[in-house]
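Content type mmCIF, C-alpha atoms, from the file structure-v6.cif:
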data_run
#
loop_
_atom_site.label_atom_id
_atom_site.label_comp_id
_atom_site.auth_asym_id
_atom_site.auth_seq_id
_atom_site.Cartn_x
_atom_site.Cartn_y
_atom_site.Cartn_z
CA MET D 1 1.44 -29.64 27.94
CA ALA D 2 1.53 -26.25 29.66
CA SER D 3 4.72 -24.31 30.31
CA LYS D 4 6.51 -24.78 33.63
CA ASP D 5 7.77 -21.98 35.87
CA TYR D 6 11.23 -23.16 36.87
CA TYR D 7 11.90 -19.98 38.84
CA GLN D 8 8.85 -20.63 40.99
CA THR D 9 9.96 -24.24 41.50
CA LEU D 10 13.26 -23.06 43.01
CA GLY D 11 11.69 -20.07 44.76
CA VAL D 12 13.86 -17.46 43.04
CA SER D 13 13.15 -14.39 40.92
CA ARG D 14 13.64 -14.26 37.15
CA ASN D 15 16.72 -12.05 37.58
CA ALA D 16 18.34 -14.34 40.17
CA SER D 17 22.11 -14.76 39.89
CA ASP D 18 23.88 -18.10 39.37
CA ASP D 19 24.83 -18.17 43.05
CA GLU D 20 21.25 -17.55 44.18
CA ILE D 21 20.02 -20.36 41.93
CA LYS D 22 22.71 -22.74 43.22
CA ARG D 23 21.93 -21.96 46.86
CA ALA D 24 18.19 -22.41 46.32
CA TYR D 25 18.75 -25.77 44.61
CA ARG D 26 21.05 -27.09 47.36
CA LYS D 27 18.63 -26.05 50.08
CA LEU D 28 15.67 -27.74 48.40
CA ALA D 29 17.69 -30.79 47.39
CA ARG D 30 18.68 -31.41 51.02
CA ARG D 31 15.04 -31.17 52.02
CA TYR D 32 13.51 -33.38 49.34
CA HIS D 33 16.22 -35.89 48.48
CA PRO D 34 14.46 -39.30 48.61
CA ASP D 35 17.28 -40.77 50.73
CA VAL D 36 16.69 -38.33 53.57
CA SER D 37 13.16 -36.97 53.22
CA ASP D 38 10.09 -38.53 54.85
CA GLU D 39 7.62 -36.53 52.75
CA GLU D 40 5.37 -38.65 50.50
CA ASP D 41 6.01 -36.62 47.37
CA ALA D 42 9.72 -36.17 47.99
CA ALA D 43 10.82 -38.12 44.90
CA ASP D 44 8.56 -36.12 42.57
CA ARG D 45 9.54 -32.82 44.18
CA PHE D 46 13.21 -33.72 43.88
CA LYS D 47 12.77 -34.44 40.16
CA ASP D 48 11.04 -31.06 39.65
CA ILE D 49 13.78 -29.25 41.57
CA SER D 50 16.51 -31.05 39.63
CA GLU D 51 14.81 -30.29 36.32
CA ALA D 52 14.51 -26.59 37.17
CA TYR D 53 18.16 -26.45 38.21
CA GLU D 54 19.25 -28.31 35.07
CA VAL D 55 17.78 -25.49 32.99
CA LEU D 56 18.47 -22.38 35.06
CA ARG D 57 22.11 -23.15 35.88
CA ASP D 58 23.00 -23.46 32.17
CA PRO D 59 23.24 -20.01 30.46
CA GLU D 60 22.14 -21.27 27.03
CA LYS D 61 19.23 -23.30 28.33
CA ARG D 62 18.16 -20.45 30.59
CA ALA D 63 18.20 -17.92 27.78
CA ALA D 64 16.13 -20.20 25.54
CA TYR D 65 13.72 -20.96 28.38
CA ASP D 66 13.26 -17.26 29.20
CA GLN D 67 12.61 -16.49 25.54
CA TYR D 68 10.44 -19.45 24.59
CA GLY D 69 9.41 -21.58 27.54
CA HIS D 70 8.54 -19.39 30.52
CA PRO D 71 4.75 -18.93 31.02
CA GLU D 72 5.09 -15.14 30.64
CA ALA D 73 6.93 -15.61 27.33
CA THR D 74 4.50 -18.14 25.88
CA GLY D 75 1.29 -16.74 27.29
CA GLY D 76 0.54 -20.22 28.61
CA ALA D 77 1.28 -21.89 25.26
CA THR D 78 3.16 -25.14 25.07
CA ALA D 79 6.73 -25.41 23.90
CA GLY D 80 5.47 -27.17 20.81
CA GLN D 81 3.47 -24.10 19.87
CA GLN D 82 6.60 -21.97 19.67
CA GLN D 83 7.70 -23.41 16.27
CA TRP D 84 11.08 -24.88 17.26
CA THR D 85 13.63 -25.32 14.51
CA THR D 86 14.17 -28.95 13.54
CA GLY D 87 17.44 -30.45 14.70
CA PHE D 88 18.03 -28.22 17.73
CA ASP D 89 20.01 -30.25 20.25
CA PHE D 90 20.55 -28.79 23.71
CA GLY D 91 23.24 -29.93 26.04
CA GLY D 92 22.89 -30.33 29.74
CA GLY D 93 22.92 -33.32 32.04
CA GLY D 94 25.49 -34.22 34.66
CA TYR D 95 24.52 -31.31 36.92
CA THR D 96 22.02 -33.07 39.18
CA HIS D 97 21.51 -36.51 40.63
CA VAL D 98 18.53 -37.23 38.37
CA ASP D 99 18.77 -38.76 34.92
CA PRO D 100 17.42 -36.13 32.45
CA SER D 101 15.42 -38.90 30.80
CA GLU D 102 13.22 -38.82 33.91
CA PHE D 103 12.41 -35.15 33.51
CA SER D 104 8.98 -33.92 32.42
CA ASP D 105 7.52 -34.01 28.92
CA PHE D 106 7.85 -30.22 28.87
CA PHE D 107 11.62 -30.50 29.33
CA GLU D 108 11.80 -33.21 26.66
CA GLN D 109 9.77 -31.12 24.22
CA MET D 110 11.91 -28.02 24.79
CA PHE D 111 15.39 -29.46 25.03
CA GLY D 112 15.19 -33.01 23.70
CA GLY D 113 16.40 -36.11 25.43
CA GLY D 114 19.12 -37.54 23.22
CA GLY D 115 22.15 -36.66 21.12
CA ARG D 116 24.05 -34.98 23.98
CA ARG D 117 27.80 -34.68 23.53
CA ALA D 118 30.35 -34.24 26.28
CA SER D 119 32.18 -30.92 26.39
CA ALA D 120 35.79 -30.34 27.30
CA GLY D 121 34.87 -28.83 30.64
CA GLY D 122 32.62 -31.67 31.70
CA GLY D 123 28.86 -31.88 31.37
CA PHE D 124 27.48 -31.35 27.89
CA ARG D 125 27.21 -28.66 25.22
CA SER D 126 24.71 -27.65 22.53
CA ALA D 127 25.10 -29.12 19.07
CA GLY D 128 22.57 -27.00 17.21
CA SER D 129 20.77 -23.70 16.94
CA MET D 130 17.28 -22.27 17.01
CA ARG D 131 15.68 -19.44 15.06
CA GLY D 132 14.71 -16.42 17.14
CA GLN D 133 11.10 -15.87 18.10
CA ASP D 134 8.93 -13.48 16.07
CA GLN D 135 7.80 -10.37 17.90
CA THR D 136 4.79 -8.11 17.50
CA ALA D 137 4.45 -4.46 18.45
CA ARG D 138 1.89 -1.72 17.91
CA LEU D 139 2.64 1.68 16.47
CA ASP D 140 0.03 4.45 16.62
CA ILE D 141 0.49 7.10 13.96
CA ASP D 142 -1.17 10.32 12.87
CA LEU D 143 -3.48 10.30 9.88
CA GLU D 144 -1.04 12.56 8.05
CA ASP D 145 1.66 9.87 8.39
CA ALA D 146 -0.54 7.44 6.49
CA PHE D 147 -1.60 10.06 3.96
CA ASN D 148 1.94 11.19 3.08
CA GLY D 149 4.15 8.29 4.25
CA ALA D 150 6.67 8.73 7.07
CA THR D 151 9.51 7.15 9.05
CA ARG D 152 9.11 6.63 12.78
CA VAL D 153 11.28 5.11 15.51
CA ILE D 154 9.94 2.69 18.12
CA GLU D 155 11.69 1.28 21.18
CA LEU D 156 11.51 -2.40 22.11
CA ASN D 157 12.49 -4.23 25.28
CA VAL D 158 14.71 -7.18 24.39
CA PRO D 159 15.72 -9.82 27.00
CA GLU D 160 19.35 -10.90 26.99
CA MET D 161 21.66 -12.86 29.28
CA ALA D 162 23.85 -10.77 31.59
CA ALA D 163 27.37 -11.74 32.67
CA ASN D 164 26.03 -13.14 35.96
CA GLY D 165 23.61 -15.42 34.13
CA ALA D 166 20.49 -13.38 34.90
CA THR D 167 18.11 -12.30 32.16
CA VAL D 168 17.88 -8.53 31.79
CA ASN D 169 16.01 -6.26 29.42
CA ARG D 170 17.72 -3.78 27.15
CA THR D 171 16.07 -1.14 24.98
CA ARG D 172 16.51 -1.34 21.24
CA SER D 173 15.42 1.33 18.74
CA VAL D 174 13.91 0.27 15.43
CA ARG D 175 13.20 2.56 12.47
CA VAL D 176 9.87 1.85 10.79
CA LYS D 177 9.10 3.13 7.30
CA ILE D 178 5.38 3.81 6.96
CA PRO D 179 4.21 3.50 3.35
CA LYS D 180 1.84 6.05 1.91
CA GLY D 181 -1.75 4.86 2.08
CA ILE D 182 -1.30 2.27 4.83
CA ARG D 183 -4.56 1.13 6.40
CA GLU D 184 -5.42 0.97 10.06
CA GLY D 185 -4.78 -2.51 11.45
CA GLN D 186 -2.33 -3.40 8.67
CA GLN D 187 0.88 -5.15 9.72
CA LEU D 188 4.39 -4.31 8.55
CA LYS D 189 6.98 -7.11 8.55
CA LEU D 190 10.58 -6.25 9.47
CA SER D 191 12.62 -9.33 8.63
CA GLY D 192 15.31 -10.25 11.15
CA GLN D 193 14.24 -7.57 13.64
CA GLY D 194 12.64 -9.98 16.13
CA MET D 195 14.26 -11.91 18.98
CA PRO D 196 17.85 -13.03 18.40
CA GLY D 197 18.46 -16.66 17.52
CA VAL D 198 20.23 -19.16 19.74
CA GLY D 199 23.67 -20.24 18.54
CA GLN D 200 24.22 -19.29 14.91
CA ALA D 201 20.52 -19.27 13.97
CA GLU D 202 18.88 -16.26 12.37
CA ALA D 203 16.80 -13.77 14.32
CA GLY D 204 13.02 -13.80 14.18
CA ASP D 205 10.89 -11.21 12.43
CA LEU D 206 9.18 -8.15 13.88
CA TYR D 207 5.54 -7.44 12.96
CA ILE D 208 4.32 -3.88 13.49
CA GLU D 209 0.56 -3.41 13.72
CA ILE D 210 -0.49 0.09 12.70
CA GLY D 211 -3.07 2.04 14.67
CA PHE D 212 -4.36 5.56 13.99
CA ARG D 213 -4.59 8.26 16.63
CA PRO D 214 -7.89 10.19 16.69
CA HIS D 215 -7.70 13.25 14.45
CA ARG D 216 -8.77 16.72 15.44
CA ILE D 217 -11.15 17.25 12.50
CA PHE D 218 -11.13 14.20 10.20
CA ARG D 219 -12.91 10.88 10.76
CA LEU D 220 -11.76 7.76 8.94
CA ASP D 221 -13.96 5.04 7.46
CA GLY D 222 -11.93 2.64 5.34
CA ARG D 223 -10.30 4.98 2.82
CA ASP D 224 -13.01 7.63 3.07
CA LEU D 225 -12.70 10.69 5.28
CA SER D 226 -15.38 12.96 6.67
CA LEU D 227 -15.46 16.20 8.61
CA ASP D 228 -18.00 18.63 9.97
CA LEU D 229 -17.88 21.92 8.04
CA PRO D 230 -19.29 24.98 9.83
CA VAL D 231 -21.22 27.36 7.51
CA ALA D 232 -23.09 30.59 8.16
CA PRO D 233 -26.89 30.64 7.72
CA TRP D 234 -26.66 32.91 4.67
CA GLU D 235 -24.01 30.65 3.07
CA ALA D 236 -26.36 27.70 3.38
CA ALA D 237 -29.40 29.71 2.27
CA LEU D 238 -27.90 31.69 -0.61
CA GLY D 239 -25.09 29.40 -1.67
CA ALA D 240 -21.39 30.15 -1.43
CA THR D 241 -17.88 28.93 -2.19
CA VAL D 242 -15.87 28.33 0.98
CA LYS D 243 -12.42 27.02 1.89
CA THR D 244 -12.50 23.41 3.10
CA PRO D 245 -9.58 21.61 4.77
CA THR D 246 -8.24 18.37 3.29
CA PRO D 247 -5.17 16.32 4.36
CA SER D 248 -3.27 17.77 1.39
CA GLY D 249 -4.33 21.38 1.99
CA PRO D 250 -7.46 23.56 1.72
CA VAL D 251 -9.63 23.50 -1.42
CA ASP D 252 -12.64 25.50 -2.60
CA LEU D 253 -16.03 23.84 -2.00
CA LYS D 254 -19.23 25.07 -3.61
CA ILE D 255 -22.22 25.02 -1.27
CA PRO D 256 -25.52 24.83 -3.17
CA ALA D 257 -28.17 27.41 -2.28
CA GLY D 258 -30.84 26.09 0.07
CA SER D 259 -28.59 23.60 1.82
CA ASN D 260 -29.84 22.34 5.16
CA ASN D 261 -27.93 21.44 8.26
CA GLY D 262 -26.42 17.94 7.96
CA ARG D 263 -26.22 17.93 4.17
CA LYS D 264 -23.28 15.83 2.95
CA LEU D 265 -21.11 17.00 0.05
CA ARG D 266 -18.47 14.79 -1.57
CA LEU D 267 -14.98 15.70 -2.72
CA LYS D 268 -14.04 12.78 -4.94
CA GLY D 269 -10.56 11.32 -4.51
CA ARG D 270 -9.70 13.58 -1.57
CA GLY D 271 -9.69 10.75 0.98
CA MET D 272 -6.85 8.35 1.82
CA PRO D 273 -4.54 7.40 -1.07
CA GLY D 274 -4.43 3.88 -2.49
CA LYS D 275 -5.00 1.94 -5.69
CA GLN D 276 -8.40 3.58 -5.57
CA ALA D 277 -8.29 6.71 -3.44
CA GLY D 278 -11.07 7.34 -0.99
CA ASP D 279 -13.39 10.34 -0.95
CA LEU D 280 -13.76 13.22 1.49
CA TYR D 281 -17.27 13.94 2.74
CA THR D 282 -18.11 17.32 4.27
CA VAL D 283 -21.12 17.46 6.57
CA LEU D 284 -22.60 20.96 6.73
CA ARG D 285 -23.14 22.34 10.22
CA ILE D 286 -25.07 25.62 10.14
CA THR D 287 -23.55 27.84 12.81
CA LEU D 288 -25.38 30.89 14.14
CA PRO D 289 -23.50 34.15 14.59
CA PRO D 290 -23.15 35.23 18.24
CA ARG D 291 -25.74 37.65 19.60
CA ASN D 292 -23.55 39.16 22.29
CA ASP D 293 -24.30 42.83 21.59
CA GLU D 294 -27.32 45.02 20.96
CA LYS D 295 -26.65 45.32 17.21
CA ALA D 296 -26.65 41.54 16.68
CA GLN D 297 -29.81 41.11 18.74
CA LYS D 298 -31.55 43.82 16.71
CA ILE D 299 -30.74 41.99 13.47
CA TYR D 300 -32.19 38.75 14.85
CA ARG D 301 -35.39 40.54 15.89
CA GLU D 302 -35.70 42.12 12.43
CA MET D 303 -35.30 38.67 10.84
CA ALA D 304 -38.01 37.24 13.10
CA ASP D 305 -40.41 40.06 12.13
CA ALA D 306 -39.58 40.01 8.41
CA MET D 307 -39.57 36.23 7.79
CA ALA D 308 -42.66 34.12 8.30
CA PHE D 309 -40.68 31.03 9.20
CA ASN D 310 -41.79 28.14 11.38
CA PRO D 311 -39.07 25.47 11.64
CA ARG D 312 -41.60 23.06 13.27
CA SER D 313 -44.29 23.22 10.59
CA GLU D 314 -43.59 19.64 9.42
CA LEU D 315 -44.28 18.43 12.97
CA GLY D 316 -47.86 19.72 12.80
CA VAL D 317 -47.44 22.33 15.50
CA ASP D 318 -47.53 26.12 15.38
#

Write-out of the structure in structure tokens:
Amino acid sequence: MASKDYYQTLGVSRNASDDEIKRAYRKLARRYHPDVSDEEDAADRFKDISEAYEVLRDPEKRAAYDQYGHPEATGGATAGQQQWTTGFDFGGGGYTHVDPSEFSDFFEQMFGGGGRRASAGGGFRSAGSMRGQDQTARLDIDLEDAFNGATRVIELNVPEMAANGATVNRTRSVRVKIPKGIREGQQLKLSGQGMPGVGQAEAGDLYIEIGFRPHRIFRLDGRDLSLDLPVAPWEAALGATVKTPTPSGPVDLKIPAGSNNGRKLRLKGRGMPGKQAGDLYTVLRITLPPRNDEKAQKIYREMADAMAFNPRSELGVD
């Protein structure tokens, strides 16, 4: 069954105080109590109101509901899809005029219907605990972080119960060690760094999904890298040895004579590290010198006169 929004049932916000919740319940209870209300659905509405109040007026139930049962926390999932720890036994009861056994299946699935024990202050108390929920987060890194390994800090918003009973968010910083050679989309597991457990139960785990920011010159394909390498016309025509950037620093690359624009040259093992390192592919981009003065234009005219060259000859046109 789908999650229920108890805050909406009582008409209060998620950060409502205990007093606001109590006032909202009393107002609605007077309106829908079956003994005084003439509305056809009064009995059902009164049960819904009592169920919502049963949960939200109890700090432990409310914290668990905010973390695991509220529609925004579950994404519409059912309580059964949240992987509850076996043996968790919530307290409650005695706060409304409705027997908790008459509450919805959602309440039963979240908090259970039996095994309640009276507490010294009246009402009931919890007899168990529940493991914290796992969390996921995304961390975008630079390509150099994956190439060399790095440590980064991320900030997470963690809900916790305030002194007035309202759920508030606090910011928590987590250090993430990025291993050398990590792949885009890979997840890192940080044990015990997820949501805190209820009672004495352990915290959940935190899963960090790694994304790569676009790089200024390198493109990534698996473990292979590629980049466009500008070369002068004479370097491509006559051959040359030029400096080529790699993630670990520049290296010398030999350009064969007669290379055309778009030719791809491979630097083996210069890609991303791993059990089998990737390669780095350089794509030659022939770049013309500027002709912004009379001397440069004269050289271009001399080349045109001296070289019988038609770049469109293969197209069958003059």

For a test of reading the model, state the distance in Å between atom CA of Pro256 of chain D and atom CA of Ile299 of chain D, rounded to one decimal.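 So the two atoms, atom CA of Pro256 of chain D and atom CA of Ile299 of chain D, lie 24.5 Å apart.
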
Under the PyMOL selection byres ((chain D and resi 269) around 10), which residues of this model are included? Write them out as number ranges by chain. D: 223-224, 266-268, 270-274, 276-280

Take the residues just selected and output them with C-alpha atoms as a compact mmCIF listing (two decimals), keeping the file's coordinate frame.
# COMPACT_ATOMS: atom_id res chain seq x y z
CA ARG D 223 -10.30 4.98 2.82
CA ASP D 224 -13.01 7.63 3.07
CA ARG D 266 -18.47 14.79 -1.57
CA LEU D 267 -14.98 15.70 -2.72
CA LYS D 268 -14.04 12.78 -4.94
CA ARG D 270 -9.70 13.58 -1.57
CA GLY D 271 -9.69 10.75 0.98
CA MET D 272 -6.85 8.35 1.82
CA PRO D 273 -4.54 7.40 -1.07
CA GLY D 274 -4.43 3.88 -2.49
CA GLN D 276 -8.40 3.58 -5.57
CA ALA D 277 -8.29 6.71 -3.44
CA GLY D 278 -11.07 7.34 -0.99
CA ASP D 279 -13.39 10.34 -0.95
CA LEU D 280 -13.76 13.22 1.49

Atom CA of Leu188 of chain D to atom CA of Phe147 of chain D, straight-line distance in Å: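 Calculated distance between atom CA of Phe147 of chain D and atom CA of Leu188 of chain D is 16.2 Å.
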
The PyMOL selection byres ((chain D and resi 230) around 8) on the file shown: which residues, as a PyMOL selection string? chain D and resi 228-229+231-232+284-287

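Proximity ranking of D:Arg152, D:Gly132, D:Gly222, D:Ala237 relative to Gln200 of chain D places D:Gly132 first, based on all atoms listed in the file.
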
Mind giving me the straight-line distance from atom CA of Arg57 of chain D to atom CA of Gln109 of chain D in Å, one decimal? 18.8 Å

Written as a list in words, what is the full residue list that the PyMOL selection byres ((chain D and resi 8) around 12) yields on the file shown?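 On this input, the PyMOL selection byres ((chain D and resi 8) around 12) captures Lys4, Asp5, Tyr6, Tyr7, Thr9, Leu10, Gly11, Val12, Ser13, Arg14, Ala16, Ile21, Ala24, Tyr25, Asp48, Ile49, Ala52, Tyr53, Leu56, His70 and Pro71 of chain D.
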
Export of the given selection (C-alpha atoms) as a PDB file, in the frame of the given file:
ATOM      1  CA  LYS D   4       6.510 -24.780  33.630  1.00  0.00           C
ATOM      2  CA  ASP D   5       7.770 -21.980  35.870  1.00  0.00           C
ATOM      3  CA  TYR D   6      11.230 -23.160  36.870  1.00  0.00           C
ATOM      4  CA  TYR D   7      11.900 -19.980  38.840  1.00  0.00           C
ATOM      5  CA  THR D   9       9.960 -24.240  41.500  1.00  0.00           C
ATOM      6  CA  LEU D  10      13.260 -23.060  43.010  1.00  0.00           C
ATOM      7  CA  GLY D  11      11.690 -20.070  44.760  1.00  0.00           C
ATOM      8  CA  VAL D  12      13.860 -17.460  43.040  1.00  0.00           C
ATOM      9  CA  SER D  13      13.150 -14.390  40.920  1.00  0.00           C
ATOM     10  CA  ARG D  14      13.640 -14.260  37.150  1.00  0.00           C
ATOM     11  CA  ALA D  16      18.340 -14.340  40.170  1.00  0.00           C
ATOM     12  CA  ILE D  21      20.020 -20.360  41.930  1.00  0.00           C
ATOM     13  CA  ALA D  24      18.190 -22.410  46.320  1.00  0.00           C
ATOM     14  CA  TYR D  25      18.750 -25.770  44.610  1.00  0.00           C
ATOM     15  CA  ASP D  48      11.040 -31.060  39.650  1.00  0.00           C
ATOM     16  CA  ILE D  49      13.780 -29.250  41.570  1.00  0.00           C
ATOM     17  CA  ALA D  52      14.510 -26.590  37.170  1.00  0.00           C
ATOM     18  CA  TYR D  53      18.160 -26.450  38.210  1.00  0.00           C
ATOM     19  CA  LEU D  56      18.470 -22.380  35.060  1.00  0.00           C
ATOM     20  CA  HIS D  70       8.540 -19.390  30.520  1.00  0.00           C
ATOM     21  CA  PRO D  71       4.750 -18.930  31.020  1.00  0.00           C
TER      22      PRO D  71
END

Can you sort out the box for segment 47-59 of chain D, edges along x, y and z, all listed atoms in, 5 Å on every side, with centre and edge lengths in Å to one decimal, as JSON?
{"center_x": 17.1, "center_y": -27.2, "center_z": 36.0, "size_x": 22.2, "size_y": 24.4, "size_z": 21.1}

Given the choices D:Asn169, D:Ser37, D:Gln297, D:Gln187, which gets closest to Arg138 of chain D if the distance is worked out from only C-alpha atoms?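 Nearest to Arg138 of chain D: D:Gln187.
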
Of the candidates D:Pro311, D:Pro196, D:Gly211, D:Pro179, which one gets nearest to Ala146 of chain D if we count all atoms listed in the file?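 Of the candidates, the smallest distance to Ala146 of chain D is held by D:Pro179.
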
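Residue nearest Leu139 of chain D, chosen from D:Ile178, D:Arg312, D:Lys189, D:Glu209 and counting all atoms listed in the file: D:Glu209.
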
Determine, counting only C-alpha atoms, which protein, DNA and RNA residues have an atom within 7 Å of an atom of Val283 of chain D; residues of the same chain fewer than 6 positions away are not included. Present the result as a PDB file with C-alpha atoms, in the frame of the given file.
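File written: result_38.pdb
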ATOM      1  CA  LEU D 227     -15.460  16.200   8.610  1.00  0.00           C
ATOM      2  CA  ASP D 228     -18.000  18.630   9.970  1.00  0.00           C
ATOM      3  CA  LEU D 229     -17.880  21.920   8.040  1.00  0.00           C
ATOM      4  CA  GLY D 262     -26.420  17.940   7.960  1.00  0.00           C
ATOM      5  CA  ARG D 263     -26.220  17.930   4.170  1.00  0.00           C
ATOM      6  CA  LYS D 264     -23.280  15.830   2.950  1.00  0.00           C
ATOM      7  CA  LEU D 265     -21.110  17.000   0.050  1.00  0.00           C
TER       8      LEU D 265
END
